[in-house]
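All remarks here apply to the structure that follows.
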Amino acid sequence: MQNKFIITITDVKGSKQYNIHQFVKHILLYIALLILAIILVAFTSIKLLISEVASIEKNRNKLVEDYQRIEQINKNLDAEVAQKNNDMEIIRGRLGSLEGFIGITQNDNENITMDDSGGNISYILERVDLAKVTAEQKGLTMRMVPSGSPVEYVQISSPFGYRMHPLLKRQEYHSGIDLRVPVGTKIYATADGVVSFSKMGYNGGYGVMVKIDHAYGFRTVYAHLSKPNVNEGDFVKKGQVIAYSGNSGLSTGPHLHYEILFLQERINPKPFLDWTMKDYNEIFEKEKSIKWQSLLNVVSAIREIVPNVKKENP
């Protein structure tokens, strides 16, 4: 009887008894436990799947929002590019009159040549007659054209030209030269001119920035500043404090980003950093994209006019 399991079923017709072996009883018990386990696993799996579906739905909504935001950014960039193209057309229209002002005539344009990369154009250097340049003309030239360093720098941390960007980690064109200096160092104008831009903020990664327009189509840019010391429209003299160095914008450390442009084309600032009265002649060999003789002719004409004006207006 120990190995028997008796089931009694009673109804209106009477009672019936069934003897089930103990082994069968164990099998039925195991089957019941297995069914219970399957139910529990199924319940847990369904709960996990519901949670996973909710997470996927949340991620999908976030991706949709990101896509819509990127799409709006692309539309804004397209509009900005279109505006820049319009601005470039306006600038090209004005370059003709500017070239005429600095002494580049239509005949000079026949001497234009392409650079090695086939991209930007550069003018063939005329032979500069330095023997006829007086000390007074040299001084005037160096006041009106960017020369010398805008800051007492520790070292050149990044030169002009293509380089591996320190933050973006990709090969990019470096449009200026980086001069390492402590924050708060005085920044000086490298030539007489008028401030065309002076703003706080990010400014496209340049941070706090000052731009100065100089005579004969030159412009200088001073970026990653802590604060400007001049406002747009101010006239400044060479050597005047225009700002203080900083670490603003897209920058890896305190430094001054310095650019020189000639007719809207960026040129290497290094020869101009080294340009002094003592080394006056070297700039004409190092920087051959500028028609120096035409410039010196205009400077010479200015020096001849000024004494006459003084005589007529004592």
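Starting from 1 in every chain, residues are counted up; chains themselves are A, B, ... following the order of the structure tokens, and ligands are numbered from 1 as listed.
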
Which of stretch 102-291 of chain A fall in alpha helix (DSSP H), as a list in words: Ala135, Glu136, Gln137, Lys138, Gly139, Leu140, Thr141, Met142, Arg143, Met144, Lys270, Pro271, Phe272, Leu273, Ile283, Phe284, Glu285 and Lys286 of chain A

Would you kindly return, as number ranges by chain, each protein, DNA or RNA residue with an atom no farther than 12 Å from any atom of A:Arg219, considering only C-alpha atoms and excluding same-chain residues fewer than 2 positions away? A: 144-147, 189-197, 210-217, 221-222, 258-267, 269

Taking the DSSP secondary structure from the backbone, can you list the residues of stretch 17-65 of chain A that are strand (DSSP E or B), as an MDAnalysis selection string? chainID A and resid 17:21
